[in-house]
Amino acid sequence: RRGDALTLTGTLRSPSRARNFGGFDYRRYLRLHHTHWQLVAKGVDQAQVQPAAASVSVTQLLRWNDMLRENLSRRMDLIFPAQQAGFMKSMLIGLTDDLDPERFQQFSELGLTHILAISGLNVAVFLGVCFWGMRRLKLTKETYLRICL
């Protein structure tokens, strides 16, 4: 989750070069994304996770947002049929993980993938709910505006 500290033990390696002439050069691709080394670990058992501190911070607010989206995702699985749940999740809360790849390809071919992203209306509804909740908690206007920004 966001803000957690992850400790791994492994070996640092330089990414390998392209093996075939004119083939995909993974090392070059990673360099373009400012990645110059790879950490190779043996198994997931090597990972040690320390949860983030419970203090209220930007990271904690983002974690709460992630948990809200996960809860909404589970509820949408119950509300919508399996074939439509992934599509509705992408439209309403911006989660495209469960979207059928074939359907995504159709949107892509039509140039409509932007519809699957969180739209301005969805952001406005989310912020409206946040404003309402923070006003009910008797927070000052400056405080809830700062939090929502």
# chains A, B, ... in the order shown; residues from 1 in each chain; ligands from 1

call {"tool": "residues_around", "arguments": {"residues": "Gly86 in chain A", "least_positions_apart": "6", "cutoff": "12 Å", "atoms": "only C-alpha atoms", "output": "PDB file with all heavy atoms, in the first residue's frame"}}
result
ATOM      1  N   SER A  73     -15.160  -0.712  -5.350  1.00  0.00           N
ATOM      2  CA  SER A  73     -14.963  -1.761  -6.352  1.00  0.00           C
ATOM      3  C   SER A  73     -15.662  -3.045  -5.932  1.00  0.00           C
ATOM      4  O   SER A  73     -16.346  -3.693  -6.737  1.00  0.00           O
ATOM      5  CB  SER A  73     -13.463  -2.006  -6.550  1.00  0.00           C
ATOM      6  OG  SER A  73     -13.249  -3.114  -7.381  1.00  0.00           O
ATOM      7  N   ARG A  74     -15.513  -3.415  -4.655  1.00  0.00           N
ATOM      8  CA  ARG A  74     -16.180  -4.636  -4.165  1.00  0.00           C
ATOM      9  C   ARG A  74     -17.700  -4.496  -4.242  1.00  0.00           C
ATOM     10  O   ARG A  74     -18.402  -5.439  -4.607  1.00  0.00           O
ATOM     11  CB  ARG A  74     -15.734  -4.945  -2.732  1.00  0.00           C
ATOM     12  CG  ARG A  74     -14.362  -5.589  -2.666  1.00  0.00           C
ATOM     13  CD  ARG A  74     -14.083  -6.149  -1.294  1.00  0.00           C
ATOM     14  NE  ARG A  74     -13.930  -5.115  -0.287  1.00  0.00           N
ATOM     15  CZ  ARG A  74     -12.804  -4.471  -0.025  1.00  0.00           C
ATOM     16  NH1 ARG A  74     -11.719  -4.762  -0.717  1.00  0.00           N
ATOM     17  NH2 ARG A  74     -12.751  -3.565   0.919  1.00  0.00           N
ATOM     18  N   ARG A  75     -18.212  -3.323  -3.895  1.00  0.00           N
ATOM     19  CA  ARG A  75     -19.662  -3.112  -3.956  1.00  0.00           C
ATOM     20  C   ARG A  75     -20.168  -3.166  -5.395  1.00  0.00           C
ATOM     21  O   ARG A  75     -21.248  -3.679  -5.669  1.00  0.00           O
ATOM     22  CB  ARG A  75     -20.038  -1.792  -3.314  1.00  0.00           C
ATOM     23  CG  ARG A  75     -19.915  -1.846  -1.813  1.00  0.00           C
ATOM     24  CD  ARG A  75     -20.470  -0.629  -1.171  1.00  0.00           C
ATOM     25  NE  ARG A  75     -20.308  -0.737   0.265  1.00  0.00           N
ATOM     26  CZ  ARG A  75     -20.779   0.142   1.108  1.00  0.00           C
ATOM     27  NH1 ARG A  75     -21.437   1.203   0.663  1.00  0.00           N
ATOM     28  NH2 ARG A  75     -20.597  -0.010   2.391  1.00  0.00           N
ATOM     29  N   MET A  76     -19.378  -2.630  -6.316  1.00  0.00           N
ATOM     30  CA  MET A  76     -19.783  -2.653  -7.721  1.00  0.00           C
ATOM     31  C   MET A  76     -19.791  -4.078  -8.257  1.00  0.00           C
ATOM     32  O   MET A  76     -20.588  -4.406  -9.137  1.00  0.00           O
ATOM     33  CB  MET A  76     -18.880  -1.745  -8.544  1.00  0.00           C
ATOM     34  CG  MET A  76     -19.095  -0.281  -8.205  1.00  0.00           C
ATOM     35  SD  MET A  76     -17.964   0.779  -9.047  1.00  0.00           S
ATOM     36  CE  MET A  76     -18.912   1.101 -10.505  1.00  0.00           C
ATOM     37  N   ASP A  77     -18.914  -4.940  -7.725  1.00  0.00           N
ATOM     38  CA  ASP A  77     -18.934  -6.351  -8.117  1.00  0.00           C
ATOM     39  C   ASP A  77     -20.259  -6.998  -7.727  1.00  0.00           C
ATOM     40  O   ASP A  77     -20.747  -7.905  -8.400  1.00  0.00           O
ATOM     41  CB  ASP A  77     -17.775  -7.115  -7.468  1.00  0.00           C
ATOM     42  CG  ASP A  77     -16.445  -6.839  -8.149  1.00  0.00           C
ATOM     43  OD1 ASP A  77     -16.447  -6.501  -9.351  1.00  0.00           O
ATOM     44  OD2 ASP A  77     -15.402  -6.951  -7.472  1.00  0.00           O
ATOM     45  N   LEU A  78     -20.825  -6.546  -6.603  1.00  0.00           N
ATOM     46  CA  LEU A  78     -22.094  -7.102  -6.148  1.00  0.00           C
ATOM     47  C   LEU A  78     -23.280  -6.535  -6.929  1.00  0.00           C
ATOM     48  O   LEU A  78     -24.278  -7.226  -7.143  1.00  0.00           O
ATOM     49  CB  LEU A  78     -22.286  -6.810  -4.651  1.00  0.00           C
ATOM     50  CG  LEU A  78     -21.251  -7.425  -3.710  1.00  0.00           C
ATOM     51  CD1 LEU A  78     -21.458  -6.926  -2.292  1.00  0.00           C
ATOM     52  CD2 LEU A  78     -21.309  -8.948  -3.770  1.00  0.00           C
ATOM     53  N   ILE A  79     -23.169  -5.289  -7.340  1.00  0.00           N
ATOM     54  CA  ILE A  79     -24.291  -4.606  -7.994  1.00  0.00           C
ATOM     55  C   ILE A  79     -24.431  -5.003  -9.458  1.00  0.00           C
ATOM     56  O   ILE A  79     -25.530  -5.281  -9.935  1.00  0.00           O
ATOM     57  CB  ILE A  79     -24.126  -3.076  -7.883  1.00  0.00           C
ATOM     58  CG1 ILE A  79     -24.222  -2.643  -6.421  1.00  0.00           C
ATOM     59  CG2 ILE A  79     -25.147  -2.347  -8.728  1.00  0.00           C
ATOM     60  CD1 ILE A  79     -23.855  -1.195  -6.186  1.00  0.00           C
ATOM     61  N   PHE A  80     -23.310  -5.021 -10.176  1.00  0.00           N
ATOM     62  CA  PHE A  80     -23.347  -5.229 -11.626  1.00  0.00           C
ATOM     63  C   PHE A  80     -22.993  -6.666 -11.995  1.00  0.00           C
ATOM     64  O   PHE A  80     -22.200  -7.313 -11.313  1.00  0.00           O
ATOM     65  CB  PHE A  80     -22.372  -4.282 -12.325  1.00  0.00           C
ATOM     66  CG  PHE A  80     -22.717  -2.833 -12.144  1.00  0.00           C
ATOM     67  CD1 PHE A  80     -21.997  -2.035 -11.269  1.00  0.00           C
ATOM     68  CD2 PHE A  80     -23.772  -2.266 -12.840  1.00  0.00           C
ATOM     69  CE1 PHE A  80     -22.315  -0.707 -11.092  1.00  0.00           C
ATOM     70  CE2 PHE A  80     -24.104  -0.934 -12.667  1.00  0.00           C
ATOM     71  CZ  PHE A  80     -23.372  -0.148 -11.792  1.00  0.00           C
ATOM     72  N   LEU A  92     -16.746   4.834 -13.515  1.00  0.00           N
ATOM     73  CA  LEU A  92     -17.160   5.568 -12.322  1.00  0.00           C
ATOM     74  C   LEU A  92     -16.034   5.878 -11.349  1.00  0.00           C
ATOM     75  O   LEU A  92     -16.041   6.933 -10.719  1.00  0.00           O
ATOM     76  CB  LEU A  92     -18.274   4.794 -11.596  1.00  0.00           C
ATOM     77  CG  LEU A  92     -19.552   4.608 -12.409  1.00  0.00           C
ATOM     78  CD1 LEU A  92     -20.535   3.728 -11.659  1.00  0.00           C
ATOM     79  CD2 LEU A  92     -20.171   5.953 -12.746  1.00  0.00           C
ATOM     80  N   ILE A  93     -15.089   4.952 -11.176  1.00  0.00           N
ATOM     81  CA  ILE A  93     -14.026   5.212 -10.200  1.00  0.00           C
ATOM     82  C   ILE A  93     -12.624   5.095 -10.799  1.00  0.00           C
ATOM     83  O   ILE A  93     -11.643   5.168 -10.074  1.00  0.00           O
ATOM     84  CB  ILE A  93     -14.162   4.305  -8.950  1.00  0.00           C
ATOM     85  CG1 ILE A  93     -14.154   2.829  -9.314  1.00  0.00           C
ATOM     86  CG2 ILE A  93     -15.393   4.663  -8.154  1.00  0.00           C
ATOM     87  CD1 ILE A  93     -14.186   1.885  -8.129  1.00  0.00           C
ATOM     88  N   GLY A  94     -12.536   4.910 -12.106  1.00  0.00           N
ATOM     89  CA  GLY A  94     -11.240   4.936 -12.774  1.00  0.00           C
ATOM     90  C   GLY A  94     -10.383   3.701 -12.591  1.00  0.00           C
ATOM     91  O   GLY A  94      -9.193   3.738 -12.869  1.00  0.00           O
ATOM     92  N   LEU A  95     -10.960   2.578 -12.163  1.00  0.00           N
ATOM     93  CA  LEU A  95     -10.208   1.332 -12.031  1.00  0.00           C
ATOM     94  C   LEU A  95     -10.366   0.521 -13.312  1.00  0.00           C
ATOM     95  O   LEU A  95     -11.461   0.063 -13.624  1.00  0.00           O
ATOM     96  CB  LEU A  95     -10.715   0.508 -10.845  1.00  0.00           C
ATOM     97  CG  LEU A  95     -10.389   1.010  -9.463  1.00  0.00           C
ATOM     98  CD1 LEU A  95     -11.018   0.111  -8.404  1.00  0.00           C
ATOM     99  CD2 LEU A  95      -8.896   1.078  -9.251  1.00  0.00           C
ATOM    100  N   THR A  96      -9.274   0.350 -14.040  1.00  0.00           N
ATOM    101  CA  THR A  96      -9.349  -0.383 -15.307  1.00  0.00           C
ATOM    102  C   THR A  96      -8.797  -1.801 -15.190  1.00  0.00           C
ATOM    103  O   THR A  96      -8.694  -2.501 -16.188  1.00  0.00           O
ATOM    104  CB  THR A  96      -8.568   0.372 -16.407  1.00  0.00           C
ATOM    105  OG1 THR A  96      -7.214   0.536 -15.981  1.00  0.00           O
ATOM    106  CG2 THR A  96      -9.195   1.719 -16.696  1.00  0.00           C
ATOM    107  N   ASP A  97      -8.450  -2.240 -13.975  1.00  0.00           N
ATOM    108  CA  ASP A  97      -7.861  -3.570 -13.787  1.00  0.00           C
ATOM    109  C   ASP A  97      -8.792  -4.697 -14.234  1.00  0.00           C
ATOM    110  O   ASP A  97      -8.348  -5.697 -14.779  1.00  0.00           O
ATOM    111  CB  ASP A  97      -7.483  -3.792 -12.321  1.00  0.00           C
ATOM    112  CG  ASP A  97      -6.475  -2.779 -11.814  1.00  0.00           C
ATOM    113  OD1 ASP A  97      -5.829  -2.132 -12.655  1.00  0.00           O
ATOM    114  OD2 ASP A  97      -6.348  -2.633 -10.590  1.00  0.00           O
ATOM    115  N   ASP A  98     -10.089  -4.547 -13.983  1.00  0.00           N
ATOM    116  CA  ASP A  98     -11.043  -5.605 -14.287  1.00  0.00           C
ATOM    117  C   ASP A  98     -11.733  -5.436 -15.641  1.00  0.00           C
ATOM    118  O   ASP A  98     -12.643  -6.185 -15.967  1.00  0.00           O
ATOM    119  CB  ASP A  98     -12.118  -5.675 -13.195  1.00  0.00           C
ATOM    120  CG  ASP A  98     -11.533  -6.041 -11.841  1.00  0.00           C
ATOM    121  OD1 ASP A  98     -10.445  -6.634 -11.801  1.00  0.00           O
ATOM    122  OD2 ASP A  98     -12.177  -5.730 -10.815  1.00  0.00           O
ATOM    123  N   LEU A  99     -11.300  -4.443 -16.396  1.00  0.00           N
ATOM    124  CA  LEU A  99     -11.910  -4.207 -17.702  1.00  0.00           C
ATOM    125  C   LEU A  99     -11.452  -5.271 -18.690  1.00  0.00           C
ATOM    126  O   LEU A  99     -10.265  -5.602 -18.755  1.00  0.00           O
ATOM    127  CB  LEU A  99     -11.531  -2.821 -18.220  1.00  0.00           C
ATOM    128  CG  LEU A  99     -12.156  -2.372 -19.527  1.00  0.00           C
ATOM    129  CD1 LEU A  99     -13.675  -2.294 -19.385  1.00  0.00           C
ATOM    130  CD2 LEU A  99     -11.613  -1.022 -19.928  1.00  0.00           C
ATOM    131  N   ASP A 100     -12.386  -5.802 -19.443  1.00  0.00           N
ATOM    132  CA  ASP A 100     -12.091  -6.815 -20.452  1.00  0.00           C
ATOM    133  C   ASP A 100     -11.097  -6.239 -21.464  1.00  0.00           C
ATOM    134  O   ASP A 100     -11.360  -5.189 -22.055  1.00  0.00           O
ATOM    135  CB  ASP A 100     -13.388  -7.230 -21.141  1.00  0.00           C
ATOM    136  CG  ASP A 100     -13.178  -8.264 -22.224  1.00  0.00           C
ATOM    137  OD1 ASP A 100     -12.245  -9.070 -22.099  1.00  0.00           O
ATOM    138  OD2 ASP A 100     -13.963  -8.265 -23.194  1.00  0.00           O
ATOM    139  N   PRO A 101      -9.936  -6.898 -21.680  1.00  0.00           N
ATOM    140  CA  PRO A 101      -8.939  -6.371 -22.614  1.00  0.00           C
ATOM    141  C   PRO A 101      -9.490  -6.156 -24.023  1.00  0.00           C
ATOM    142  O   PRO A 101      -9.106  -5.220 -24.712  1.00  0.00           O
ATOM    143  CB  PRO A 101      -7.834  -7.435 -22.623  1.00  0.00           C
ATOM    144  CG  PRO A 101      -8.014  -8.201 -21.372  1.00  0.00           C
ATOM    145  CD  PRO A 101      -9.471  -8.123 -21.026  1.00  0.00           C
ATOM    146  N   GLU A 102     -10.403  -7.013 -24.445  1.00  0.00           N
ATOM    147  CA  GLU A 102     -10.989  -6.875 -25.777  1.00  0.00           C
ATOM    148  C   GLU A 102     -11.825  -5.592 -25.864  1.00  0.00           C
ATOM    149  O   GLU A 102     -11.767  -4.860 -26.853  1.00  0.00           O
ATOM    150  CB  GLU A 102     -11.858  -8.092 -26.097  1.00  0.00           C
ATOM    151  CG  GLU A 102     -12.372  -8.122 -27.513  1.00  0.00           C
ATOM    152  CD  GLU A 102     -13.128  -9.408 -27.795  1.00  0.00           C
ATOM    153  OE1 GLU A 102     -12.615 -10.481 -27.446  1.00  0.00           O
ATOM    154  OE2 GLU A 102     -14.234  -9.311 -28.360  1.00  0.00           O
ATOM    155  N   ARG A 103     -12.570  -5.314 -24.805  1.00  0.00           N
ATOM    156  CA  ARG A 103     -13.384  -4.094 -24.788  1.00  0.00           C
ATOM    157  C   ARG A 103     -12.479  -2.858 -24.756  1.00  0.00           C
ATOM    158  O   ARG A 103     -12.732  -1.868 -25.430  1.00  0.00           O
ATOM    159  CB  ARG A 103     -14.318  -4.085 -23.583  1.00  0.00           C
ATOM    160  CG  ARG A 103     -15.223  -2.854 -23.605  1.00  0.00           C
ATOM    161  CD  ARG A 103     -16.318  -2.918 -22.612  1.00  0.00           C
ATOM    162  NE  ARG A 103     -17.285  -3.920 -23.048  1.00  0.00           N
ATOM    163  CZ  ARG A 103     -18.369  -4.243 -22.366  1.00  0.00           C
ATOM    164  NH1 ARG A 103     -18.623  -3.645 -21.235  1.00  0.00           N
ATOM    165  NH2 ARG A 103     -19.202  -5.150 -22.811  1.00  0.00           N
ATOM    166  N   PHE A 104     -11.394  -2.932 -23.970  1.00  0.00           N
ATOM    167  CA  PHE A 104     -10.448  -1.813 -23.935  1.00  0.00           C
ATOM    168  C   PHE A 104      -9.859  -1.581 -25.323  1.00  0.00           C
ATOM    169  O   PHE A 104      -9.699  -0.440 -25.756  1.00  0.00           O
ATOM    170  CB  PHE A 104      -9.338  -2.066 -22.921  1.00  0.00           C
ATOM    171  CG  PHE A 104      -8.384  -0.910 -22.795  1.00  0.00           C
ATOM    172  CD1 PHE A 104      -8.700   0.177 -21.996  1.00  0.00           C
ATOM    173  CD2 PHE A 104      -7.187  -0.903 -23.499  1.00  0.00           C
ATOM    174  CE1 PHE A 104      -7.840   1.248 -21.887  1.00  0.00           C
ATOM    175  CE2 PHE A 104      -6.324   0.168 -23.402  1.00  0.00           C
ATOM    176  CZ  PHE A 104      -6.651   1.245 -22.590  1.00  0.00           C
ATOM    177  N   LEU A 116     -12.828   6.212 -20.407  1.00  0.00           N
ATOM    178  CA  LEU A 116     -12.643   5.261 -19.317  1.00  0.00           C
ATOM    179  C   LEU A 116     -11.879   5.860 -18.137  1.00  0.00           C
ATOM    180  O   LEU A 116     -11.838   5.270 -17.070  1.00  0.00           O
ATOM    181  CB  LEU A 116     -11.918   4.012 -19.833  1.00  0.00           C
ATOM    182  CG  LEU A 116     -12.638   3.270 -20.951  1.00  0.00           C
ATOM    183  CD1 LEU A 116     -11.774   2.121 -21.449  1.00  0.00           C
ATOM    184  CD2 LEU A 116     -13.991   2.774 -20.490  1.00  0.00           C
TER     185      LEU A 116
END

call {"tool": "residues_around", "arguments": {"residues": "Asn65 in chain A", "least_positions_apart": "6", "cutoff": "12 Å", "atoms": "only C-alpha atoms", "output": "list of chain:residue names"}}
result
A:Arg1, A:Arg2, A:Val58, A:Thr59, A:Asn71, A:Leu72, A:Ile93, A:Phe126, A:Leu127, A:Cys130, A:Cys148

call {"tool": "atom_distance", "arguments": {"atom1": "CA of Leu6 in chain A", "atom2": "CA of Ala47 in chain A"}}
result
6.6 Å

call {"tool": "closest_residue", "arguments": {"among": "A:Leu112, A:Ala82, A:Leu8, A:Leu61", "to": "Gly43 in chain A", "atoms": "only C-alpha atoms"}}
result
A:Leu8

call {"tool": "select_by_dssp", "arguments": {"residues": "chain A", "states": "strand (DSSP E or B)", "output": "ChimeraX atom specification"}}
result
/A:5-7,11-13,38-40,48-50

call {"tool": "residues_around", "arguments": {"residues": "Gly10 in chain A", "least_positions_apart": "3", "cutoff": "8 Å", "atoms": "only C-alpha atoms", "output": "VMD selection string"}}
result
chain A and resid 39 to 42

call {"tool": "write_last_selection", "arguments": {"atoms": "N, CA and C atoms", "output": "PDB file, in the first residue's frame"}}
result
ATOM      1  N   LEU A  39      17.053  -4.757  -9.507  1.00  0.00           N
ATOM      2  CA  LEU A  39      17.299  -5.549  -8.304  1.00  0.00           C
ATOM      3  C   LEU A  39      16.638  -6.901  -8.516  1.00  0.00           C
ATOM      4  N   VAL A  40      17.422  -7.958  -8.466  1.00  0.00           N
ATOM      5  CA  VAL A  40      16.917  -9.310  -8.653  1.00  0.00           C
ATOM      6  C   VAL A  40      16.877  -9.978  -7.277  1.00  0.00           C
ATOM      7  N   ALA A  41      15.674 -10.330  -6.830  1.00  0.00           N
ATOM      8  CA  ALA A  41      15.484 -10.988  -5.538  1.00  0.00           C
ATOM      9  C   ALA A  41      14.945 -12.388  -5.778  1.00  0.00           C
ATOM     10  N   LYS A  42      15.266 -13.290  -4.879  1.00  0.00           N
ATOM     11  CA  LYS A  42      14.801 -14.674  -5.011  1.00  0.00           C
ATOM     12  C   LYS A  42      13.541 -14.862  -4.180  1.00  0.00           C
TER      13      LYS A  42
END

call {"tool": "closest_residue", "arguments": {"among": "A:Leu110, A:Leu149, A:Leu68, A:Ile115", "to": "Met88 in chain A", "atoms": "only C-alpha atoms"}}
result
A:Ile115

call {"tool": "select_by_dssp", "arguments": {"residues": "range 4-63 of chain A", "states": "alpha helix (DSSP H)", "output": "MDAnalysis selection string"}}
result
chainID A and resid 26:32 58:63

call {"tool": "closest_residue", "arguments": {"among": "A:Ser108, A:Thr9, A:Ser14, A:Gln84", "to": "Arg31 in chain A", "atoms": "only C-alpha atoms"}}
result
A:Ser14

call {"tool": "closest_residue", "arguments": {"among": "A:Asp4, A:Glu142, A:Gln60, A:Leu137", "to": "Gln48 in chain A", "atoms": "only C-alpha atoms"}}
result
A:Asp4

call {"tool": "atom_distance", "arguments": {"atom1": "CA of Leu32 in chain A", "atom2": "CA of Pro15 in chain A"}}
result
12.7 Å

call {"tool": "closest_residue", "arguments": {"among": "A:Met134, A:Trp64, A:Glu70, A:Val125", "to": "Ile147 in chain A", "atoms": "only C-alpha atoms"}}
result
A:Met134

call {"tool": "atom_distance", "arguments": {"atom1": "CA of Trp37 in chain A", "atom2": "CA of Leu12 in chain A"}}
result
6.3 Å
